[in-house]
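What follows is a single structure, written as structure tokens, with notes after it.
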Amino acid sequence: MFDDIKYPEVDPNKKSASQLWEERYQKTGYLYGKEPSDFLKSYVGFLSKGLALDVAMGEGRNAVYLAQQGFKVEGLDCSSQAIEKAKALALEKSVALEAKVQNLDFFLMPLMKFNTVVMTYYKPAVRFFSEIKRGLAAGGTVLIEGYTTEHYKLNSQNPLIDFDQCYKPNELLGLLKDLHIIYYKEMGEGSSHLVQAIAKKIHK
């Protein structure tokens, strides 16, 4: 079965995530464009207003959109190229954005600091989901969108897709088990297979 396929062993010569994304983002223009995720745009009204954190923000399209919607926004990414583009996009759109380079493998979420956390097309280590729960204030929300393993199976030749960045069926539900699920969907449209979720922290 496909789900039993193991991710290839780590190549000692493989570039780090920051090196890979620095190269991808140094190209002219915006790799994923300047418009926000359609999912975020459609469901932003479900998110708790206040301070938002965009995890692995890339070039800032979602963070800038949140700022346009009245959120105070902080963004993190491992790529300095991405952060510079995010700041440029915020300037272009005339919004405030605090963005900084951060190795997310070592990031510790401040306790109950954020009203909303957004994480799109980035799948962190399992322990990071505990960080999200720790970082959300009571009543805070998290929006997550990512690829599924089915997407990888159909698009494995795409150099921007890694198996370890894809969610197995219902995996994200398990990772969000301590939160109240507001919205959850796994879907396939053509060659694109996504998982989308919004969850809320009910208790402190």
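Following the order of the structure tokens, first chain is A, next is B, and so on, with residues numbered from 1 inside each chain and ligands from 1 in the order they appear.
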* Do you know which residues are at most 10 Å from Phe39 in chain A counting only C-alpha atoms, after dropping those on the same chain fewer than 4 positions away, and could you put them as a list of chain:residue names? -> A:Tyr43, A:Val44, A:Thr120, A:Leu143, A:Ile144, A:Glu145, A:Gln196, A:Ala197
* To do: May I have the residues within 9 Å of range 61-71 of chain A as number ranges by chain, using only C-alpha atoms and disregarding those fewer than 5 positions away in the same chain?
  => A: 32-37, 40-41, 44, 49-54, 86-87, 89-90, 93-97, 118, 120
* Grab the CA of Gln165 in chain A to CA of Pro124 in chain A distance for me, in Å with one decimal place. =>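 Separation between CA of Gln165 in chain A and CA of Pro124 in chain A: 7.7 Å.
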Excluding Ile83 in chain A and residues on its chain fewer than 5 positions from it, collect all residues at most 9 Å away from it, counting only C-alpha atoms, and give them as a tab-separated table (two decimals) with C-alpha atoms, in the first residue's frame.
chain	number	residue	atom	x	y	z
A	57	MET	CA	5.07	32.29	5.82
A	58	GLY	CA	7.03	32.11	2.60
A	59	GLU	CA	6.83	35.33	0.62
A	60	GLY	CA	4.03	36.67	2.79
A	75	GLY	CA	5.47	35.82	10.34
A	76	LEU	CA	8.30	33.29	10.48
A	77	ASP	CA	10.24	31.51	7.75
A	78	CYS	CA	13.58	29.75	7.41
A	88	ALA	CA	8.36	44.21	0.29
A	99	ALA	CA	8.58	39.13	9.85
A	100	LYS	CA	11.76	37.37	10.84
A	101	VAL	CA	14.00	34.46	9.86
* To do: Please identify all polymer residues within 10 Å of Ile161 in chain A, counting only C-alpha atoms, omitting same-chain residues fewer than 6 positions from it, and present them as a ChimeraX atom specification.
  => /A:121,147,151-152,155
For C-alpha atoms, I'd like the residues from the last selection saved as a short mmCIF file (atom, residue, chain, number, x, y, z; two decimals), in the first residue's frame.
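What ended up in selection04.cif:
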data_model
loop_
_atom_site.label_atom_id
_atom_site.label_comp_id
_atom_site.auth_asym_id
_atom_site.auth_seq_id
_atom_site.Cartn_x
_atom_site.Cartn_y
_atom_site.Cartn_z
CA TYR A 121 1.80 24.03 2.85
CA TYR A 147 -0.95 18.46 0.66
CA HIS A 151 -1.11 14.48 -3.92
CA TYR A 152 2.49 13.32 -3.64
CA ASN A 155 2.88 14.78 -8.36
#
* Compile the contact shell of Lys123 in chain A as a list in words: residues with an atom at most 8 Å away, counting only C-alpha atoms, same-chain residues fewer than 3 positions apart removed. => Gly146, Asp164, Gln165, Cys166 and Tyr167 of chain A
Restrict the selected residues to N, CA and C atoms and save them as a CSV table (one decimal), in the first residue's frame.
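The resulting file, selection.csv, is shown below:
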chain,number,residue,atom,x,y,z
A,146,GLY,N,-2.7,21.9,3.7
A,146,GLY,CA,-1.5,21.2,3.2
A,146,GLY,C,-1.8,20.1,2.2
A,164,ASP,N,7.5,14.0,3.0
A,164,ASP,CA,7.4,14.3,4.4
A,164,ASP,C,6.7,15.6,4.7
A,165,GLN,N,6.3,16.3,3.7
A,165,GLN,CA,5.5,17.5,3.9
A,165,GLN,C,4.0,17.2,3.5
A,166,CYS,N,3.6,15.9,3.4
A,166,CYS,CA,2.3,15.6,3.0
A,166,CYS,C,1.6,14.8,4.2
A,167,TYR,N,0.3,15.1,4.4
A,167,TYR,CA,-0.4,14.4,5.5
A,167,TYR,C,-1.1,13.1,5.0
* To do: Considering only C-alpha atoms, return as a PyMOL selection string whatever protein or nucleic-acid residues lie within 9 Å of Ser48 in chain A, sequence-local ones (same chain, fewer than 5 positions apart) excluded.
  => chain A and resi 115-116+139-142+200
Take the residues that were just selected and, keeping C-alpha atoms, output them as a PDB file, in the first residue's frame.
ATOM      1  CA  ASN A 115      -5.257  34.686  18.773  1.00  0.00           C
ATOM      2  CA  THR A 116      -4.735  32.899  15.464  1.00  0.00           C
ATOM      3  CA  GLY A 139     -10.600  30.906  22.157  1.00  0.00           C
ATOM      4  CA  GLY A 140      -7.750  31.153  19.676  1.00  0.00           C
ATOM      5  CA  THR A 141      -7.960  29.521  16.264  1.00  0.00           C
ATOM      6  CA  VAL A 142      -5.602  27.702  13.926  1.00  0.00           C
ATOM      7  CA  LYS A 200     -10.269  26.329  18.151  1.00  0.00           C
TER       8      LYS A 200
END
* **For CA of Leu136 in chain A and CA of Val117 in chain A, the interatomic separation in Å (one decimal)** =>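 Value for the CA of Leu136 in chain A-CA of Val117 in chain A distance: 7.4 Å.
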* Of the candidates A:Ser42, A:Ala137, A:Pro169, A:Lys201, which one gets nearest to Ile182 in chain A if we count only C-alpha atoms? -> A:Lys201
* Asked: With only C-alpha atoms as the atoms that count, which of A:Gln157, A:Leu91, A:Ala138, A:Lys168 lies nearest to Ala199 in chain A?
  ->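 Of all the options, A:Ala138 lies closest to Ala199 in chain A.
One distance worth recording is that between CA of Phe128 in chain A and CA of Asp178 in chain A, which is 13.4 Å.
Those residues in range 19-77 of chain A carrying a DSSP assignment of strand (DSSP E), computed from the backbone, are Leu51, Ala52, Leu53, Asp54, Val55, Lys72, Val73, Glu74, Gly75, Leu76 and Asp77 of chain A.
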